[in-house]
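Visitor: Please see the structure below; I have some questions.
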Amino acid sequence: MRLKMEFLNNSYLILFLIICLGFMLGNLKVKGISLDISAIIFVALIFGHLGATLPDILEKIGLILFIYTIGLQAGPGFFEAFKDQGKNLIVIAVVVVLSATLLTYIAILIFDIDKPIAIGLLSGALTSTPGLAAGIDVTKSNLVSIGYGIAYPLGVILVIIFVRLYPQLFKLNIDDLEKEYKQKMTAHQKPIFTRNFIVENNSAIGMSIEQLGVREMTKGIISRVKHNDHVFTPTPQTVLHKNDLLKAVGTEDALKRIGLLIGSTTDEELYFNEEYVVQSFLITKPQVVNKNLTQLNLRAKYDATITRLRRSGIELSASPRTKLQMGDKITLVCAKNHIQNISEILGDDNTNLSDTDFFPIATGIVLGILIGQISLNFGASFQFSLGLTGGILIVAMLLGRLGKTGPVLWSMSGTANNLLRQLGLMLFLASVGTKAGATFVETFNQYGINLFIVGAVVTFFPMLLATIVARIFLKLNILSMLGTLTGAMTSTPGLAATDSLTKSNAPAVAYATVYPIAMVLLILCIQLLGRL
């Protein structure tokens with residue numbers, strides 16, 4: 001017995017044992033269904049019931065690392081996603097929070113539940129610690145914590161089960177869902193083509209590229225010119241002569257406009273002489289991050305023409321105002337003797353993408369914690385703060401969007417982000433699970449099954465209703481929908497379960513979009529429910 005107690009009190013051994021067993025359980029498949037990394041929380045529930053405890057600091061550190069890396073990942077795509085489908089995501093958050101509040105109020109009336117316990121059930125069902133704090137503040141009762149303790153474990157478990165099983169029950173292919181999401185998000189990014197033209201129009205003959213305003217008028221780029229059998233990269237001052245050949249790069253519409261400006265197309269290829277090459281370079285030098293192509297001024301310095309830009313697998317038009325991000329790949333045409341100079345300017349070093357500077361990470365987390373502690377007072381009856389999760393999430397999203405401030409590079413490589421996110425997630429799930437498991441059976445014996453049923457209903461039916469609205473009326477992509485659900489439920493473990501399903505950032509972007517809205521709305525509903 002003594003050996004058992006010492007074993008359970010060895011917190012660092014328990015931590016890694018939970019993680020190890022969690023991965024073993026998560027890798028098991030039953031009819032193609034597996035829990036993956038989210039299985040850690042179920043193992044932790046058992047250890048918590050047996051009396052194992054983990055230091056509270058592990059939960060906070062895990063939560064901070066997970067939320068911060070999620071915010072950095074989601075930040076660059078958040079504003080575009082909000083502009084594109086923000087209204088739909090807000091609708092889902094409203095459906096979840098308002099339906100959960102209504103079900104809680106009905107439970108108070110039907111089962112005569114004490115209001116503080118009911119408010120705790122609502123907070124626990126939506127796994128919201130800020131909601132718990134708001135409930136205690138408005139009711140001035142510790143009974144809120146009892147309700148929270150009853151509903152929270154089921155809230156965590158049901159959300160995880162729902163998001164893990166939904167794609168598998170409906171036999172949805174994750175690869176197809178990722179492709180669908182990518183196509184939707186890049187629908188406004190028209191594909192880039194190349195085409196060759198003959199200088200025929202009288203209005204173009206004898207004019208320089210700058211005088212014609214090719215880039216401004218057509219949004220395309222002239223990457224090569226052939227004059228008297230000599231192929232070269234043009235400058236804005238390059239004068240076009242009759243029957244010169246041009247190679248242009250741009251969207252289909254841009255190439256059509258170039259044709260109207262220059263002349264007809266030709267199938268004749270323009271091959272460079274040996275002194276010219278087409279080369280791709282990787283942006284890995286922090287000094288050029290956030291600079292636009294005009295600021296690089298590669299054409300004037302090295303007679304180099306940037307023809308393409310690839311970011312996260314997507315071909316973008318190389319606009320002069322396009323700002324570079326770490327990991328971008330640009331394709332340009334230049335003389336061989338300038339390759340080394342351009343490479344030194346841009347970085348072009350894969351190893352730099354794997355390096356991780358912890359100063360920006362620590363600084364961003366400190367800023368997030370401080371922002372989360374700011375409390376706004378709206379009269380004597382209502383206070384609001386973002387809390388730890390909200391503050392870190394919002395700061396990380398802003399820094400991820402910003403990318404770089406002076407010499408400080410906020411963004412991280414995909415490998416480093418994923419490693420820190422997995423580490424934070426394992427610490428968080430292990431700690432939350434053991435804490436919930438410690439009181440699960442005791443609470444059940446004290447209050448019976450009714451409160452557990454109410455908590456489960458308040459968790460499950462808002463998710464079901466939101467899913468119906470998302471799929472039938474809003475036509476949301478499944479990955480975005482699952483991320484939206486976890487954000488509306490303010491469920492970080494739920495996001496973890498969803499995030500492990502896919503390589504796409506769709507769930508993280510949706511979660512980051514919805515979470516702050518759902519958190520604020522839930523606090524308002526709890527304030528209202530407490531005063532009814």
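Just remember, in the structure tokens the first chain shown is A, the second B, etc., residues are 1-based per chain, and ligands are 1-based in the order shown.
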Quick one: DSSP helix (DSSP H, G or I) residues in segment 353-447 of chain A, as number ranges by chain?
Guide: A: 353-354, 358-373, 387-402, 414-447
Visitor: Please indicate the distance in Å from atom CA of Val458 of chain A to atom CA of Ala100 of chain A, rounded to one decimal place.
Guide: 5.3 Å
Visitor: Check the smallest atom-to-atom distance from each of A:Pro153, A:Gly391, A:Gly263, A:Gly530 to Leu245 of chain A using only C-alpha atoms, then report the winner.
Guide: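 Once distances to Leu245 of chain A are computed over only C-alpha atoms, the minimum belongs to A:Gly263.
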Visitor: Looking at A:Glu59, A:Asp348, A:Glu269, A:Asp114, which one is nearest to Asn196 of chain A, with distances taken over only C-alpha atoms?
Guide: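 For Asn196 of chain A, the nearest of the given residues is A:Glu269.
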Visitor: List as a list in words the protein and nucleic acid residues near Leu420 of chain A, meaning an atom at most 8 Å away when only C-alpha atoms are counted, but skip any in the same chain fewer than 4 places from it.
Guide: Leu65, Phe66, Thr69, Ala416 and Gly424 of chain A
Visitor: Near segment 466-475 of chain A, counting only C-alpha atoms, which residues have an atom at most 9 Å away, once you skip same-chain residues fewer than 2 positions from it, shown as a ChimeraX atom specification?
Guide: /A:88-89,91-93,95-96,461-464,477-478,481-482,485
Visitor: Select, from A:Ala510, A:Val441, A:Leu282, A:Leu429, the residue with the minimum atom-to-atom distance to Lys60 of chain A, counting only C-alpha atoms.
Guide: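 Once distances to Lys60 of chain A are computed over only C-alpha atoms, the minimum belongs to A:Leu429.
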Visitor: Counting only C-alpha atoms, what is within 7 Å of Leu409 of chain A, bar same-chain residues fewer than 3 positions away, as a PyMOL selection string?
Guide: chain A and resi 286+360+403-405
Visitor: Can those selected residues be exported to a file as a PDB file, in the first residue's frame so that it contains all heavy atoms?
Guide:
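That gives us out21.pdb:
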ATOM      1  N   PRO A 286      15.792  36.914 -41.547  1.00  0.00           N
ATOM      2  CA  PRO A 286      14.822  37.775 -40.854  1.00  0.00           C
ATOM      3  C   PRO A 286      14.798  39.210 -41.375  1.00  0.00           C
ATOM      4  O   PRO A 286      13.762  39.870 -41.337  1.00  0.00           O
ATOM      5  CB  PRO A 286      15.295  37.731 -39.389  1.00  0.00           C
ATOM      6  CG  PRO A 286      16.047  36.444 -39.275  1.00  0.00           C
ATOM      7  CD  PRO A 286      16.704  36.248 -40.612  1.00  0.00           C
ATOM      8  N   PRO A 360      11.509  35.701 -28.612  1.00  0.00           N
ATOM      9  CA  PRO A 360      10.188  36.161 -29.054  1.00  0.00           C
ATOM     10  C   PRO A 360       9.040  35.348 -28.446  1.00  0.00           C
ATOM     11  O   PRO A 360       7.970  35.898 -28.145  1.00  0.00           O
ATOM     12  CB  PRO A 360      10.234  35.972 -30.578  1.00  0.00           C
ATOM     13  CG  PRO A 360      11.674  35.914 -30.922  1.00  0.00           C
ATOM     14  CD  PRO A 360      12.339  35.275 -29.752  1.00  0.00           C
ATOM     15  N   GLY A 403       4.268  39.139 -37.853  1.00  0.00           N
ATOM     16  CA  GLY A 403       5.422  38.435 -38.407  1.00  0.00           C
ATOM     17  C   GLY A 403       6.756  38.890 -37.850  1.00  0.00           C
ATOM     18  O   GLY A 403       7.574  38.077 -37.426  1.00  0.00           O
ATOM     19  N   LYS A 404       6.982  40.207 -37.830  1.00  0.00           N
ATOM     20  CA  LYS A 404       8.308  40.707 -37.457  1.00  0.00           C
ATOM     21  C   LYS A 404       8.194  42.147 -36.978  1.00  0.00           C
ATOM     22  O   LYS A 404       7.425  42.942 -37.513  1.00  0.00           O
ATOM     23  CB  LYS A 404       9.238  40.629 -38.659  1.00  0.00           C
ATOM     24  CG  LYS A 404      10.667  41.102 -38.447  1.00  0.00           C
ATOM     25  CD  LYS A 404      11.497  40.790 -39.687  1.00  0.00           C
ATOM     26  CE  LYS A 404      12.895  41.372 -39.603  1.00  0.00           C
ATOM     27  NZ  LYS A 404      12.929  42.805 -39.862  1.00  0.00           N
ATOM     28  N   THR A 405       8.942  42.478 -35.926  1.00  0.00           N
ATOM     29  CA  THR A 405       9.028  43.852 -35.433  1.00  0.00           C
ATOM     30  C   THR A 405      10.499  44.194 -35.262  1.00  0.00           C
ATOM     31  O   THR A 405      11.165  43.672 -34.362  1.00  0.00           O
ATOM     32  CB  THR A 405       8.301  44.022 -34.084  1.00  0.00           C
ATOM     33  OG1 THR A 405       6.957  43.583 -34.200  1.00  0.00           O
ATOM     34  CG2 THR A 405       8.320  45.486 -33.645  1.00  0.00           C
TER      35      THR A 405
END
Visitor: So which one's closest to Thr127 of chain A, A:Gly437, A:Gly22, A:Gly400, A:Gly494? Using only C-alpha atoms, please.
Guide: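 Closest to Thr127 of chain A of all the choices is A:Gly494.
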Visitor: Name the closest residue to Ile46 of chain A among the candidates A:Gly149, A:Gly433, A:Pro493, A:Gly487; distances are taken between atoms, counting only C-alpha atoms.
Guide: A:Gly433
Visitor: Would you mind reading off the distance between atom CA of Gly71 of chain A and atom CA of Leu399 of chain A, one decimal, in Å?
Guide: 8.5 Å
